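Participant: My questions will all concern the structure given below.
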Protein chains: 2
Amino acid sequence: MSPPAAVDMQSATDTQLATFADRLSVNGVPSRRSRAPKLSGGIAAHTSSDMFKSPGRGKPRAKRWDHRLTEESKARQPSSLKGATKYLAKPGLISLGGGLPSSQYFPIEYIEAKFPQAPHFSEQETQESGIVKRTGKYDIAEGNGIYDLHVALNYGLAAGSAQMLRYVTEHTEIVHHPPYQDWACCMTIGNTSALDLAYRMFVTRGDYILTEAYTFSSAAEAARPLGANWIGIAMDKEGLLPSSLDSVLTNWDPAAHNGKPRPWLLYIVPTGQNPTAATQSLKRRKDIYRMAQKHDLYILEDEPYYFLQMQPYTGHDAPNVPPPASHDAFLKTLVPSLLSLDIDGRVLRLDSFSKVIAPGMRTGWITASEQIVERFMRHGEVSVQNPSGPSQIILFKLLEETWGHAGYLDWLINLRLEYTKRRDNICYACEKYLPKEVATWDAPMAGMFHWIKIDWSKHPAYGKTSVLEVEDEIFQAAIERGALTSKGSWFRANLDDPGDEVFLRTNFASAPMEKVQEGVRRFGDALRAVFHLKQANGVAKEE
Amino acid sequence: MSPPAAVDMQSATDTQLATFADRLSVNGVPSRRSRAPKLSGGIAAHTSSDMFKSPGRGKPRAKRWDHRLTEESKARQPSSLKGATKYLAKPGLISLGGGLPSSQYFPIEYIEAKFPQAPHFSEQETQESGIVKRTGKYDIAEGNGIYDLHVALNYGLAAGSAQMLRYVTEHTEIVHHPPYQDWACCMTIGNTSALDLAYRMFVTRGDYILTEAYTFSSAAEAARPLGANWIGIAMDKEGLLPSSLDSVLTNWDPAAHNGKPRPWLLYIVPTGQNPTAATQSLKRRKDIYRMAQKHDLYILEDEPYYFLQMQPYTGHDAPNVPPPASHDAFLKTLVPSLLSLDIDGRVLRLDSFSKVIAPGMRTGWITASEQIVERFMRHGEVSVQNPSGPSQIILFKLLEETWGHAGYLDWLINLRLEYTKRRDNICYACEKYLPKEVATWDAPMAGMFHWIKIDWSKHPAYGKTSVLEVEDEIFQAAIERGALTSKGSWFRANLDDPGDEVFLRTNFASAPMEKVQEGVRRFGDALRAVFHLKQANGVAKEE
């Protein structure tokens with residue numbers, strides 16, 4: 001059987017590619033590892049995805065991006081000190097180089113944590129059947145595992161620990177099967193930091209960057225002080241419209257843009273987009289990728305919500321769709337990533353554990369071509385260095401030693417079903433409490449946000465007021481009644497242009513479900529008050 | 001009794017300042033806390049050093065640094081989303097704003113760690129009498145403490161957790177008593193990252209930055225791709241020479257420096273400098289600070305080794321100096337920081353837990369004026385965000401709950417004595433094994449490095465070879481014999497100018513003491529071979 005991602009990729013790019021015989025599955029990991037050299041996971045051990053991934057026979061190599069790199073990024077040199085680590089391989093060498101402190105003085109004997117065992121994931125079940133994993137300082141030397149505090153609490157390299165890099169490389173290959181040969185992963189301290197590093201690689205003061213009309217506000221805010229100008233592309237419930245992207249680029253007029261040539265950097269959140277919850281279909285992704293090829297774009301694919309793809313929405317009274325019956329079935333429910341279509345190596349994908357494990361871990365990873373990952377690491381090693389040792393080793397104990405790849409997919413299936421419940425909960429609340437005369441929405445397919453459109457033409461002062469004034473009136477009226485939402489205008493790519501629509505963003509995954517119900521009820525009351533509609537209890541707003 | 005730091009500061013600046021009545025000591029912390037509002041340490045709780053420090057009555061306010069900030073830094077706006085958190089204070093409010101996931105889905109029931117109890121700090125003693133601290137998910141709600149995984153594993157703010165920010169603010173005040181009013185701390189993910197953020201605030205492409213002739217190579221490498229040019233100032237065993245600094249600035253010729261005006265940013269490591277181990281005396285620090293005032297410099301004071309100040313070196317056979325008898329006596333052994341002299345608020349001090357707890361924690365903090373800290377945090381919140389939750393909560397359990405400020409000072413005294421032993425060990429090894437005809441050194445007073453000067457005029461090919469060739473010959477000869485050192489030239493501020501001296505840097509704190517002995521012996525053999533000296537065993541080098 002031909003693997004679906006490879007087929008998609010072919011149709012996306014019209015390139016003939018062999019079906020890769022060495023496609024990795026969860027069950028293939030032990031055999032892959034048995035054929036690889038023993039993991040070298042000592043202090044600041046040199047590591048790279050190459051040590052862990054399939055050879056990628058028959059796949060093309062990534063394009064070069066030298067013409068896209070900033071002066072800053074191109075100027076980065078490997079560290080002379082770190083270059084000296086090559087001598088450490090000499091047998092019997094005593095190192096008086098380096099700046100490592102002795103682990104003898106790390107005042108932590110062990111770290112222990114209790115985790116749920118698949119498939120008993122609830123907090124209650126964790127109490128009852130969770131497993132306790134302990135990490136000592138010298139576990140490796142004592143034959144108790146391949147990672148310990150001696151390593152995790154010392155300095156590391158920018159790629160991250162070999163132990164975690166292996167895990168995320170395998171996971172990335174299982175899920176995305178990048179269709180070019182020389183892809184690589186690098187651990188990060190989360191997508192926000194990884195984006196900051198990516199901007200330093202690609203953005204020169206005065207540049208224009210492409211994104212969706214409504215976009216993740218922190219991503220936009222991070223780039224503005226660097227002198228970037230955002231171009232918001234029109235979108236629908238499947239996110240960015242390829243035709244609008246094409247039109248903006250085809251009709252680009254440098255004279256109208258401070259003399260700047262056509263932009264080529266595209267930032268998008270294809271799945272459960274923040275703030276609109278838009279999720280691109282496979283067709284949409286292929287169309288966007290084709291457009292990226294046509295205009296030689298480089299894509300930053302920011303995917304914190306990728307595994308918050310939910311079951312289809314069936315409405316309040318209809319029976320639920322049965323959960324995925326297997327890991328393969330689960331993986332097939334996921335819309336393929338841009339990375340999985342990326343035969344050119346023109347995608348830098350950002351993955352994070354923030355939404356699927358915990359934000360406080362400050363741990364994620366990027367996947368891109370080796371050229372890009374190398375430049376990224378050169379910056380990382382003189383800035384963020386590597387994720388926290390306690391974070392990495394706790395993740396390792398959980399993902400590698402407790403769950404393995406199979407248990408992690410079970411966890412993600414569990415999250416899918418939990419988020420489905422919460423999504424259904426807010427949709428039900430909206431149906432019950434919001435005045436449909438003014439409020440409309442689509443059931444989110446992914447993520448944690450519900451995006452509510454308000455028909456402000458129904459506002460009593462329409463024609464005599466502005467879109468921002470109406471938005472603020474709704475926002476404040478909801479706060480008065482005890483419900484905090486987020487204003488759509490905060491997420492405009494172009495802050496100077498508020499557009500002519502009013503949206504409010506709500507989060508359905510943070511507050512307990514009954515609070516979300518109550519919050520939406522209050523928000524409905526606020527809308528009725530602002531729009532002078534009959535209150536849900538039958539009392540019209542007093543003037 | 002007049003506190004010494006205040007006296008120093010007065011003489012340093014010739015400014016009349018009252019002795020501050022509210023000077024904080026370890027024993028004063030409980031009373032300080034009892035007068036402060038209850039710590040608000042919930043998820044992403046707003047926090048600032050102001051909540052935890054002395055009012056600073058009678059102290060001057062910091063100067064403004066608007067004229068020094070980069071275009072990038074000046075352009076930073078507070079996040080609109082984060083601005084909305086002010087509404088969260090409204091009683092009964094249900095938040096559907098924000099992007100927090102529910103802690104229900106953090107798959108960690110608790111984290112536990114075992115720490116030494118003061119003063120039983122050795123690994124052996126920790127096994128026997130260490131204390132185990134557990135952090136549950138809902139400890140705060142359950143009345144089991146003021147910090148838990150519900151908070152630590154969710155998103156945080158750029159200042160760091162309130163719990164850790166309070167600790168480092170108090171610690172900073174106890175140790176440094178900054179002599180101006182509006183100082184503040186902000187947690188970081190380590191000094192390397194904090195420096196990257198600082199450069200973005202202060203360095204514009206083409207700028208010149210001042211530092212010592214030999215300087216921390218990663219700090220230099222981090223700034224070069226940003227277009228910074230380093231000016232290395234002459235130094236002696238007390239580090240940077242104020243007279244040379246004055247001379248460089250006074251005689252600055254823009255025409256000889258791409259038209260750039262006099263530099264004003266100074267990067268220094270005043271204590272146990274990397275690579276030279278130079279430690280500035282109090283007088284040297286005062287002189288440097290005066291020079292900074294004269295030329296309106298802004299100082300980045302990078303102090304990872306501050307608490308690796310050691311007992312005086314007495315030589316191999318002399319009796320050791322008795323350890324500090326009290327916390328006060330210990331604090332008085334420390335050379336006062338530039339921060340403690342800084343009445344203008346012209347110092348951004350970088351502190352790290354890397355060398356005193358463990359590098360893998362990726363946790364430190366900065367101290368600077370509120371204006372600078374605010375700009376720093378604006379960048380942090382759209383890049384590194386905040387230190388890892390597991391790192392912060394493990395540090396909290398150790399520093400706050402296990403040791404308190406008193407126990408932490410005991411730990412630092414213990415480290416002082418341990419590093420003293422290791423320093424004495426390498427000095428003894430050098431006396432025993434190095435050929436004094438060519439190798440000279442000063443016993444380090446602080447840090448983890450030993451800096452060995454080689455008189456290359458004794459080299460057989462002197463006059464027909466270069467300083468870099470001789471350095472490389474020594475470096476390679478040592479590796480051949482199984483000892484890795486670091487080349488002094490790697491640390492030249494000006495990489496194009498190798499200088500006319502040969503130095504090798506050794507680390508005395510990483511390898512076990514007997515390995516250091518053997519490593520130095522091998523290095524001595526290498527030197528004898530390169531310089532054609534009689535070998536220690538009496539056999540001259542064969543030609």
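In the structure tokens, chains take the letters A, B, ... in the order shown, each chain's residues start at 1, and ligands count up from 1 in the order shown.
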Show which residues sit within 12 Å of Asp246 (chain B), as number ranges by chain. Count only C-alpha atoms, and ignore same-chain residues fewer than 5 positions away.
Facilitator: B: 210, 233-234, 240-241, 251-252, 262-264, 287-297
Participant: Could those selected residues go to a file with N, CA and C atoms, as an mmCIF file, in the first residue's frame?
Facilitator:
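As written to disk, again_24.cif reads:
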data_model
loop_
_atom_site.group_PDB
_atom_site.id
_atom_site.type_symbol
_atom_site.label_atom_id
_atom_site.label_comp_id
_atom_site.auth_asym_id
_atom_site.auth_seq_id
_atom_site.Cartn_x
_atom_site.Cartn_y
_atom_site.Cartn_z
ATOM 1 N N LEU B 210 33.495 47.711 24.368
ATOM 2 C CA LEU B 210 34.731 47.618 25.150
ATOM 3 C C LEU B 210 34.737 46.341 25.983
ATOM 4 N N ILE B 233 40.804 45.995 25.946
ATOM 5 C CA ILE B 233 41.584 46.936 26.762
ATOM 6 C C ILE B 233 42.675 46.154 27.508
ATOM 7 N N ALA B 234 43.839 46.759 27.619
ATOM 8 C CA ALA B 234 44.953 46.074 28.296
ATOM 9 C C ALA B 234 44.556 45.702 29.719
ATOM 10 N N LEU B 240 40.953 44.458 33.752
ATOM 11 C CA LEU B 240 41.019 45.666 32.937
ATOM 12 C C LEU B 240 41.748 46.813 33.632
ATOM 13 N N LEU B 241 42.601 47.504 32.866
ATOM 14 C CA LEU B 241 43.358 48.633 33.408
ATOM 15 C C LEU B 241 42.602 49.937 33.153
ATOM 16 N N ASN B 251 41.441 59.189 23.581
ATOM 17 C CA ASN B 251 42.107 59.373 22.282
ATOM 18 C C ASN B 251 41.330 58.769 21.124
ATOM 19 N N TRP B 252 40.088 58.463 21.352
ATOM 20 C CA TRP B 252 39.274 57.813 20.320
ATOM 21 C C TRP B 252 39.217 58.663 19.058
ATOM 22 N N ARG B 262 32.910 57.462 20.084
ATOM 23 C CA ARG B 262 33.470 56.732 21.235
ATOM 24 C C ARG B 262 32.526 55.651 21.722
ATOM 25 N N PRO B 263 33.031 54.448 21.938
ATOM 26 C CA PRO B 263 32.143 53.399 22.474
ATOM 27 C C PRO B 263 31.752 53.700 23.919
ATOM 28 N N TRP B 264 30.659 53.124 24.343
ATOM 29 C CA TRP B 264 30.147 53.410 25.693
ATOM 30 C C TRP B 264 29.627 52.153 26.387
ATOM 31 N N ASP B 287 37.887 52.263 40.510
ATOM 32 C CA ASP B 287 38.525 53.041 39.440
ATOM 33 C C ASP B 287 37.795 52.822 38.104
ATOM 34 N N ILE B 288 37.382 51.589 37.869
ATOM 35 C CA ILE B 288 36.646 51.319 36.625
ATOM 36 C C ILE B 288 35.302 52.040 36.659
ATOM 37 N N TYR B 289 34.654 52.013 37.813
ATOM 38 C CA TYR B 289 33.353 52.693 37.899
ATOM 39 C C TYR B 289 33.505 54.206 37.695
ATOM 40 N N ARG B 290 34.543 54.767 38.297
ATOM 41 C CA ARG B 290 34.799 56.216 38.092
ATOM 42 C C ARG B 290 35.001 56.528 36.612
ATOM 43 N N MET B 291 35.735 55.635 35.953
ATOM 44 C CA MET B 291 35.989 55.838 34.522
ATOM 45 C C MET B 291 34.679 55.717 33.728
ATOM 46 N N ALA B 292 33.829 54.810 34.176
ATOM 47 C CA ALA B 292 32.522 54.665 33.524
ATOM 48 C C ALA B 292 31.702 55.934 33.702
ATOM 49 N N GLN B 293 31.829 56.545 34.878
ATOM 50 C CA GLN B 293 31.116 57.812 35.088
ATOM 51 C C GLN B 293 31.704 58.912 34.216
ATOM 52 N N LYS B 294 33.027 58.951 34.168
ATOM 53 C CA LYS B 294 33.696 60.000 33.383
ATOM 54 C C LYS B 294 33.260 59.950 31.919
ATOM 55 N N HIS B 295 33.188 58.723 31.357
ATOM 56 C CA HIS B 295 32.885 58.605 29.923
ATOM 57 C C HIS B 295 31.452 58.157 29.663
ATOM 58 N N ASP B 296 30.627 58.192 30.685
ATOM 59 C CA ASP B 296 29.213 57.782 30.586
ATOM 60 C C ASP B 296 29.051 56.400 29.943
ATOM 61 N N LEU B 297 29.790 55.436 30.497
ATOM 62 C CA LEU B 297 29.686 54.067 29.994
ATOM 63 C C LEU B 297 28.495 53.344 30.625
#
Participant: If you superpose chain A onto chain B over the full set of Cα atoms in sequence order, what number do you get for the RMSD in Å?
Facilitator: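 In short, the RMSD is 0.0 Å.
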Participant: Give me the chain B side of the contact with chain A, cut-off 6 Å, one line per residue showing its nearest atom pair and distance in Å at one decimal, counting only C-alpha atoms, sorted by chain and residue number, as a Markdown table.
Facilitator:
| residue | atom | partner | partner_atom | distance |
| --- | --- | --- | --- | --- |
| B:Glu72 | CA | A:Pro225 | CA | 4.7 |
| B:Ala75 | CA | A:Pro225 | CA | 5.0 |
| B:Arg76 | CA | A:Pro225 | CA | 5.6 |
| B:Leu93 | CA | A:Gly482 | CA | 4.3 |
| B:Ile94 | CA | A:Ala483 | CA | 4.9 |
| B:Ser95 | CA | A:Leu484 | CA | 4.7 |
| B:Leu96 | CA | A:Asn507 | CA | 4.8 |
| B:Gly97 | CA | A:Thr485 | CA | 4.3 |
| B:Leu100 | CA | A:Ser510 | CA | 5.6 |
| B:Pro101 | CA | A:Ser510 | CA | 5.0 |
| B:Ser102 | CA | A:Ser510 | CA | 4.6 |
| B:Phe106 | CA | A:Ala358 | CA | 5.5 |
| B:Pro107 | CA | A:Phe115 | CA | 5.8 |
| B:Ile108 | CA | A:Phe115 | CA | 4.9 |
| B:Glu109 | CA | A:Lys114 | CA | 5.3 |
| B:Tyr110 | CA | A:Ala113 | CA | 5.5 |
| B:Ile111 | CA | A:Ala113 | CA | 4.4 |
| B:Glu112 | CA | A:Glu112 | CA | 4.9 |
| B:Ala113 | CA | A:Ile111 | CA | 4.4 |
| B:Lys114 | CA | A:Glu109 | CA | 5.3 |
| B:Phe115 | CA | A:Ile108 | CA | 4.9 |
| B:Ala152 | CA | A:Gly360 | CA | 5.9 |
| B:Leu153 | CA | A:Gly360 | CA | 3.8 |
| B:Asn154 | CA | A:Gly360 | CA | 4.7 |
| B:Tyr155 | CA | A:Pro359 | CA | 5.4 |
| B:Thr192 | CA | A:Ser383 | CA | 5.2 |
| B:Ser193 | CA | A:Ser383 | CA | 4.1 |
| B:Asp196 | CA | A:Ser383 | CA | 5.5 |
| B:Ala222 | CA | A:Val382 | CA | 5.3 |
| B:Pro225 | CA | A:Glu72 | CA | 4.7 |
| B:Leu226 | CA | A:Glu72 | CA | 5.5 |
| B:Ile357 | CA | A:Phe106 | CA | 5.5 |
| B:Ala358 | CA | A:Phe106 | CA | 5.5 |
| B:Pro359 | CA | A:Asn154 | CA | 5.1 |
| B:Gly360 | CA | A:Leu153 | CA | 3.8 |
| B:Met361 | CA | A:Ser388 | CA | 5.4 |
| B:Arg362 | CA | A:Ser388 | CA | 5.3 |
| B:Val382 | CA | A:Ala222 | CA | 5.3 |
| B:Ser383 | CA | A:Ser193 | CA | 4.1 |
| B:Val384 | CA | A:Ser193 | CA | 4.9 |
| B:Ser388 | CA | A:Arg362 | CA | 5.3 |
| B:Gly389 | CA | A:Gly360 | CA | 4.6 |
| B:Pro390 | CA | A:Ser391 | CA | 5.9 |
| B:Ser391 | CA | A:Pro390 | CA | 6.0 |
| B:Gly482 | CA | A:Leu93 | CA | 4.3 |
| B:Ala483 | CA | A:Ile94 | CA | 4.9 |
| B:Leu484 | CA | A:Ser95 | CA | 4.7 |
| B:Thr485 | CA | A:Gly97 | CA | 4.3 |
| B:Ser486 | CA | A:Gly97 | CA | 5.0 |
| B:Thr506 | CA | A:Leu96 | CA | 4.9 |
| B:Asn507 | CA | A:Leu96 | CA | 4.8 |
| B:Ala509 | CA | A:Pro101 | CA | 5.9 |
| B:Ser510 | CA | A:Ser102 | CA | 4.6 |
| B:Gly519 | CA | A:Ile94 | CA | 5.7 |
Participant: Enumerate as a PyMOL selection string all residues of region 53-214 of chain A assigned to strand (DSSP E) by DSSP on the backbone, naming them with the chain letters and numbers the document uses.
Facilitator: chain A and resi 94-95+110-115+131-136+183-188+208-212
Participant: Report, in Å with one decimal, the straight-line distance from CA of Ile366 (chain B) to CA of Trp183 (chain B).
Facilitator: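 Atom-to-atom, CA of Ile366 (chain B) and CA of Trp183 (chain B) are spaced 10.3 Å apart.
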Participant: Residues within 6 Å of Gln280 (chain A), please, as a short mmCIF file (atom, residue, chain, number, x, y, z; two decimals) with all heavy atoms, in the first residue's frame. Count only C-alpha atoms; anything in the same chain fewer than 6 positions from it doesn't count.
Facilitator:
data_model
loop_
_atom_site.label_atom_id
_atom_site.label_comp_id
_atom_site.auth_asym_id
_atom_site.auth_seq_id
_atom_site.Cartn_x
_atom_site.Cartn_y
_atom_site.Cartn_z
N GLU A 238 -10.73 27.91 6.53
CA GLU A 238 -9.57 27.03 6.31
C GLU A 238 -8.26 27.82 6.30
O GLU A 238 -7.24 27.37 5.79
CB GLU A 238 -9.73 26.26 5.00
CG GLU A 238 -10.77 25.17 5.08
CD GLU A 238 -10.68 24.20 3.90
OE1 GLU A 238 -9.65 24.21 3.20
OE2 GLU A 238 -11.64 23.46 3.69
N GLY A 239 -8.31 29.03 6.82
CA GLY A 239 -7.08 29.81 6.93
C GLY A 239 -6.75 30.57 5.66
O GLY A 239 -7.64 30.91 4.86
N PRO A 270 -1.02 26.33 10.59
CA PRO A 270 -2.00 25.66 9.73
C PRO A 270 -3.12 24.94 10.49
O PRO A 270 -4.18 24.70 9.90
CB PRO A 270 -1.15 24.63 8.96
CG PRO A 270 0.26 25.11 9.06
CD PRO A 270 0.34 25.78 10.40
#
Participant: Just the residues within 12 Å of His171 (chain A), please, counting only C-alpha atoms, with nothing from its chain fewer than 3 positions along; format it as JSON, numbers by chain.
Facilitator: {"A": [24, 25, 26, 27, 28, 29, 49, 52, 53, 164, 165, 166, 167, 168, 174, 175, 176, 177, 178, 185, 331, 351, 365, 367, 399, 400, 404, 405, 406, 407, 408, 409]}
Participant: So which residues touch region 428-439 of chain B within 8 Å, counting only C-alpha atoms, skipping near sequence neighbours fewer than 2 positions away, as number ranges by chain?
Facilitator: B: 315-316, 424-426, 441, 452-456, 458, 516-517, 520-521, 523-525, 527-528, 536
Participant: So how far away is CA of Leu69 (chain A) from CA of Pro242 (chain A), in Å?
Facilitator: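 Atom-to-atom, CA of Pro242 (chain A) to CA of Leu69 (chain A), that is 24.8 Å.
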Participant: Which is closest to Pro119 (chain A) among A:Leu412, A:Ala255, A:Ile474, A:Cys427, if we use only C-alpha atoms?
Facilitator: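 Going through A:Leu412, A:Ala255, A:Ile474, A:Cys427 one by one, the smallest distance to Pro119 (chain A) is for A:Leu412.
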Participant: Please report, as a VMD selection string, each residue of region 326-496 of chain A to which DSSP assigns helix (DSSP H, G or I) when run on this structure's backbone.
Facilitator: chain A and resid 327 to 333 339 to 341 359 to 361 370 to 380 389 to 433 456 to 458 467 to 480 488 to 491
Participant: Find the residues near Ile268 (chain A): any atom within 8 Å, counting only C-alpha atoms, skip ones fewer than 6 places away on the same chain, and give them as a short mmCIF file (atom, residue, chain, number, x, y, z; two decimals) with N, CA and C atoms, in the first residue's frame.
Facilitator:
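Writing the result to around27.cif gives the following:
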data_model
loop_
_atom_site.label_atom_id
_atom_site.label_comp_id
_atom_site.auth_asym_id
_atom_site.auth_seq_id
_atom_site.Cartn_x
_atom_site.Cartn_y
_atom_site.Cartn_z
N THR A 211 1.59 36.75 6.37
CA THR A 211 0.88 35.90 7.32
C THR A 211 -0.61 36.03 7.05
N GLU A 212 -1.41 35.43 7.91
CA GLU A 212 -2.85 35.53 7.72
C GLU A 212 -3.35 36.86 8.30
N THR A 215 -3.55 36.88 13.04
CA THR A 215 -2.39 36.01 13.28
C THR A 215 -2.02 36.02 14.76
N ILE A 299 8.73 29.04 4.45
CA ILE A 299 7.57 28.96 5.35
C ILE A 299 7.97 28.65 6.77
N LEU A 300 7.50 29.45 7.70
CA LEU A 300 7.59 29.11 9.13
C LEU A 300 6.26 28.48 9.53
N GLU A 301 6.26 27.17 9.74
CA GLU A 301 5.04 26.42 10.06
C GLU A 301 4.98 26.22 11.58
N ASP A 302 4.20 27.03 12.23
CA ASP A 302 4.15 27.03 13.70
C ASP A 302 2.99 26.15 14.14
#
